[in-house]
Structure formats: structure tokens, C-alpha cells
Amino acid sequence: MNKVYVIGHRHPDTDSICSAIGYAELLNSKEPGKYVPARCGDINPETRFVLERFGVEAPLFIESVEPNVSDLPFTYPLSARADVPTIEVVAMMDEHGVRNMPIVDDEGRLLGLVSEHGLARAYVTRTKIQQLSITPIKLETLAKILDARIVVPGKDLLEGRVHIAIDALHVSLSRLTSSDVAIVGDNEPAQLALISAGIAALIIADGSPVGDRMINAAVARNVAVLATSLDAFGVGKMINLSLPASMVMATDVPRIAISDPLEYVKDVVSNSKYRTACVVEGDNRLLGMVSRNTFVDDIHKSVILVDHNEYSQAVDGIEKADVMEIVDHHRLGAITTLKPIRFLNDPVGSTSTIITRKFIESGVEPTPSTAGLLLSGVLSDTLALKMSTTTPEDERAVNYLAGIAGVDPIAFGIELVQQGIELENVPLHELLLRDTKHYNLFEKSVVISQVTVPSFEFSASHAGEIRANVAALREETGADFFVALFTNVFENASDLFAAADEVNLAKMGMAEQPKRLDGVMSRKKDFLPQFGNMLRRL
């Protein structure tokens, strides 16, 4: 099943987090497990309090929705161990129709890659002909490779040089040691002489008969005897292919991570001489293999956006995602899609209010914990229903949700506001970044931060420090305007601090700071329209 991520904006607030969790639950009531609540920023203290209060885990953190390796429908989960004979690796490659085979150790960690390119270099283009030999190989494995029967068992593990007894017998005997293997045809005297020399194994080639005298001699000297229909040349060729994979593998195989973007991976694969990359975990454990054939179809993450509808506020990589739906209560932004989507934008106090309406219209009741989260989203975004953005629908949503969650909305609203205005021991820089929104207004980049305070004493006593931090954040974000609103919920007003070109600040009447803005509680309803009109006139 393709997952769909329900995700809010950067620097998520309580409404953004809670509406994502709530909407995912509603959608999963019809398609269980398909919708995943997600976030693209850190959880602020108020939201953490809410999640702990109702016993809900934080949504999945997603840094970017740009498609990555984890979105691929299939990565080849093939591998062979380093001690597997090369011929068996080749057989696996042929069986699965692949040109490359990852080689791993006993713990599944990637060691290298056996490729058609590497096999050609190992067996076709070698310029130096070396003594034929056998690396450590089990007798049963060698018999399997040679399609031979074991006439006499001997040493279980063979390792040594291989001699084809075509020279004069005394010449061959002079070269043999107890670890060597000899290949011989239908020549019983030669067979017996080779066994008497005390070799490790004797291979009877070309379907030659195996006599009792030879068998008895081999048993007496503990010499293994194999009989095969292959001729001596064929035996030599197959033994050459019995080399363990570790001896012919390449170690310069490209490695990629499960989180690497597909655009990057495509470049890695295209530029690799193997046209392949191996997917590994941090400890180099192999997860799979990616080839050019993997990228036949375009792949996109599917997302539903809640509590925002602008590129500047969305998760990284949104331009490459498949946006399926948007649910919001802010101004219209600039997100565009290639195909028609569901887009619900309603000027109520919170996105959680809209999600609550969807529950009611669907005839589905949220779980008590989700009802508590949606209640928190409404109360947080409306400052316990005191914001100018509060609508009768927000009030009805609060009454409905409070009944399911078993919470006194008035007492909980006060407690929630207190959590939101907790300023002690929080660095000012962090405080200003807790709740920010990014806008593009009349060709100007604007960042507006909002901090809820219990009184204006905070902004008055920290005015110099606030101005310095606002100026620094303007440089840090590259914004034309960085504005900070210190909103006093009990006095229905905000103190404004702003960093921008001094001429523009003077034209907008913001040179003297802080500037008291009576009646300004909501960033989107009370401040943004007025601020936008001033920008329009610059």
C-alpha cells in the first residue's frame, strides 16, 4: 500500500500537529494504515504538553518529501556469501536475470560485487596464465560443480594445485604434494600411481571406468575420488570457476543509503561502470540493489497538506511530491499542482475546527485522545477562543470535542495558554523561531514570528535584545522583512519589532520599536492584511 503523509507546515504549532493526527485518523477509518501523520519541524513545548496530556506519540518526522530510495517499489534483495563458488554466483545471476550480484559476509555486510564486467576481466581478459589451483572448497561442492559422483570420500576440504596428468607419469609424480588434486583419464596404472603419491583427490575424467583396485587403493590412502563425464579440459575450466566469489568480486561498488534522494541515486547509477548501486545501512549491512531498470516509472511521495497552502511554509521537496489535498484556514498562497485536487480553505479559527467538521459530516466520532488533540488545536490557535479569528463554528467544535475528551474546555484553555506563554529559561533566538510563517508579498520575502506573552513587561525589558535578535534572524533567513509580534492575550494587543531596510521601516511607520498595535491578536487576520497593504504602497 502506498502511504500518504498528512503533514503541516514548517515550525509546526499545536494546530498543525493536531490537525494532521486527527485527519489521518479520520481517513484511516476508511482505508486503515494508508495515512501517516507527519511533521517537518520540532515539537514546541506547548504541543509536547498536549501530546503527553492525551497520551499520543508525535507524528513521524520527515525532513523532505522529495522521493528517495525508500519510495522505490522494489530493490533487488539478492546477495551471495563471499565463500560461494563463482559458478554458483553466475547461476544465481542467470536465474534472476541480473548482471550484478552483491557479495556479503556472514553478518550480511556488503563486501563487494560480482559483475559481468568483473567476470570478463577475471576469466577472459587475463594476460597471465597461472597454475590451476583450488582454493578451500568442500568435496561435495566440487562434485556439484563437476557434476560428478563421489566414488571414494576423502578429505572434506580441498586446497591445492591441480595437475592434469598428460605429461610422462614420472614428471607428474615429481610435482605432486599431499594437498594437490590430479585429473586423469582411462589409465588404471596412472590412477594407482597418482594415489600412491599421496595426493588429496583424484578426478577421473571423460566418463572413464573406475575399477575396484583403484577404489581400494584410494580408501587405503584416504584419497578422495571423483568421477565425471567432463573431459580434462572441461574439468579444468570448471575448477577455474570454482574460485570463491571473494576472489573475483570488485570492491569499488557505489553505496547509497535508504534516505538518499532518487535524483542523486540516478546520477550515481548512471555514472557507475556497473550501472548499479548497493543500498546499505549505517553499519554497511546490505538492504538491496538498485539498477537502471529501477527508474522506469516516475516516483513521487503522496502528501496531504494541513494548516498551510504556500511553498514557503511547506516541507522541503514539496515541488516533487504528489499533493493530493489541502485543508487550511489561512490566506491563499502559491502552491500549484499538475492535476485537480481537493482544496478546502475556510476562514475559521483553526484547521482543527475544519477536521472536526469532517468527522461530524462523515459520521465518525474521533477517539477521546484525538478529540483532546483537536480541542487543543482549536484552543491554541484561538487563544482559548479569545482571538478575533474565533468563529461560532470554533465554539461549537470546542463543545463537541470537550464532551468526547472529557475535558473542561475553560480550565484546559487557561492551562494551555499558560503553556504557550512559558518564557522562562528559553533563549530569545529559539523563542522567536518557535512560531514563524514565511510569506512572499508583493515581491518581498517576509517572515513573521509571533510570541504570546503574559504582559508587555517582557517586550519592554528585553527590547534591545529583541531588536538585535530580529536583525540577526533577518540575515539568517535572507528575508526582506523579519517581523516579531509579542502578543498579550490579556490586553488584546501586540508589540511589534521589525528588521528591514531603514528607509522602508520609516515609510511604514516602524522606525520606533517596539510599536504597540492595539487590537492585533491574530497574525493572519489582524496583522497580515494591514501589513500587506503597507508593502503594496512602498
# chains A, B, ... in the order shown; residues from 1 in each chain; ligands from 1
>>> select_by_dssp(residues="stretch 336-496 of chain A", states="helix (DSSP H, G or I)", output="PyMOL selection string")
chain A and resi 351-362+368-381+392-405+409-420+428-433+457-461+463-477
>>> residues_around(residues="A:Thr351", least_positions_apart="6", cutoff="6 Å", atoms="only C-alpha atoms", output="list in words")
Asp307, Asp328 and His329 of chain A
>>> write_last_selection(atoms="N, CA and C atoms", output="PDB file, in the first residue's frame")
ATOM      1  N   ASP A 307      -3.135  23.045   7.365  1.00  0.00           N
ATOM      2  CA  ASP A 307      -2.771  24.275   8.078  1.00  0.00           C
ATOM      3  C   ASP A 307      -1.808  25.172   7.301  1.00  0.00           C
ATOM      4  N   ASP A 328      -7.005  23.972   4.990  1.00  0.00           N
ATOM      5  CA  ASP A 328      -6.342  25.135   5.590  1.00  0.00           C
ATOM      6  C   ASP A 328      -7.373  26.178   6.020  1.00  0.00           C
ATOM      7  N   HIS A 329      -6.892  27.188   6.778  1.00  0.00           N
ATOM      8  CA  HIS A 329      -7.750  28.310   7.181  1.00  0.00           C
ATOM      9  C   HIS A 329      -7.014  29.644   7.046  1.00  0.00           C
TER      10      HIS A 329
END
>>> residues_around(residues="stretch 458-462 of chain A", least_positions_apart="5", cutoff="8 Å", atoms="only C-alpha atoms", output="PDB file with N, CA and C atoms, in the first residue's frame")
ATOM      1  N   VAL A 453       2.773  36.458  25.171  1.00  0.00           N
ATOM      2  CA  VAL A 453       3.364  36.890  26.445  1.00  0.00           C
ATOM      3  C   VAL A 453       2.249  37.205  27.446  1.00  0.00           C
ATOM      4  N   PHE A 486       4.875  40.354  19.679  1.00  0.00           N
ATOM      5  CA  PHE A 486       4.757  39.879  21.049  1.00  0.00           C
ATOM      6  C   PHE A 486       3.331  40.170  21.497  1.00  0.00           C
ATOM      7  N   ASP A 495       3.000  43.961  20.658  1.00  0.00           N
ATOM      8  CA  ASP A 495       4.151  44.831  20.431  1.00  0.00           C
ATOM      9  C   ASP A 495       4.889  44.328  19.200  1.00  0.00           C
ATOM     10  N   PRO A 514       9.678  49.063  20.472  1.00  0.00           N
ATOM     11  CA  PRO A 514       8.505  48.360  19.957  1.00  0.00           C
ATOM     12  C   PRO A 514       7.354  49.316  19.635  1.00  0.00           C
TER      13      PRO A 514
END
>>> residues_around(residues="A:Ser259", least_positions_apart="6", cutoff="8 Å", atoms="only C-alpha atoms", output="PyMOL selection string")
chain A and resi 68-70
>>> write_last_selection(atoms="C-alpha atoms", output="PDB file, in the first residue's frame")
ATOM      1  CA  ASN A  68      14.149   8.727  -2.046  1.00  0.00           C
ATOM      2  CA  VAL A  69      15.300   5.131  -2.132  1.00  0.00           C
ATOM      3  CA  SER A  70      12.702   4.088   0.449  1.00  0.00           C
TER       4      SER A  70
END
>>> select_by_dssp(residues="stretch 113-339 of chain A", states="strand (DSSP E or B)", output="ChimeraX atom specification")
/A:113-115,133-138,149-152,157-164,181-184,201-204,224-227,244,250,255-256,261,276-280,285-291,302-306,316,322-328
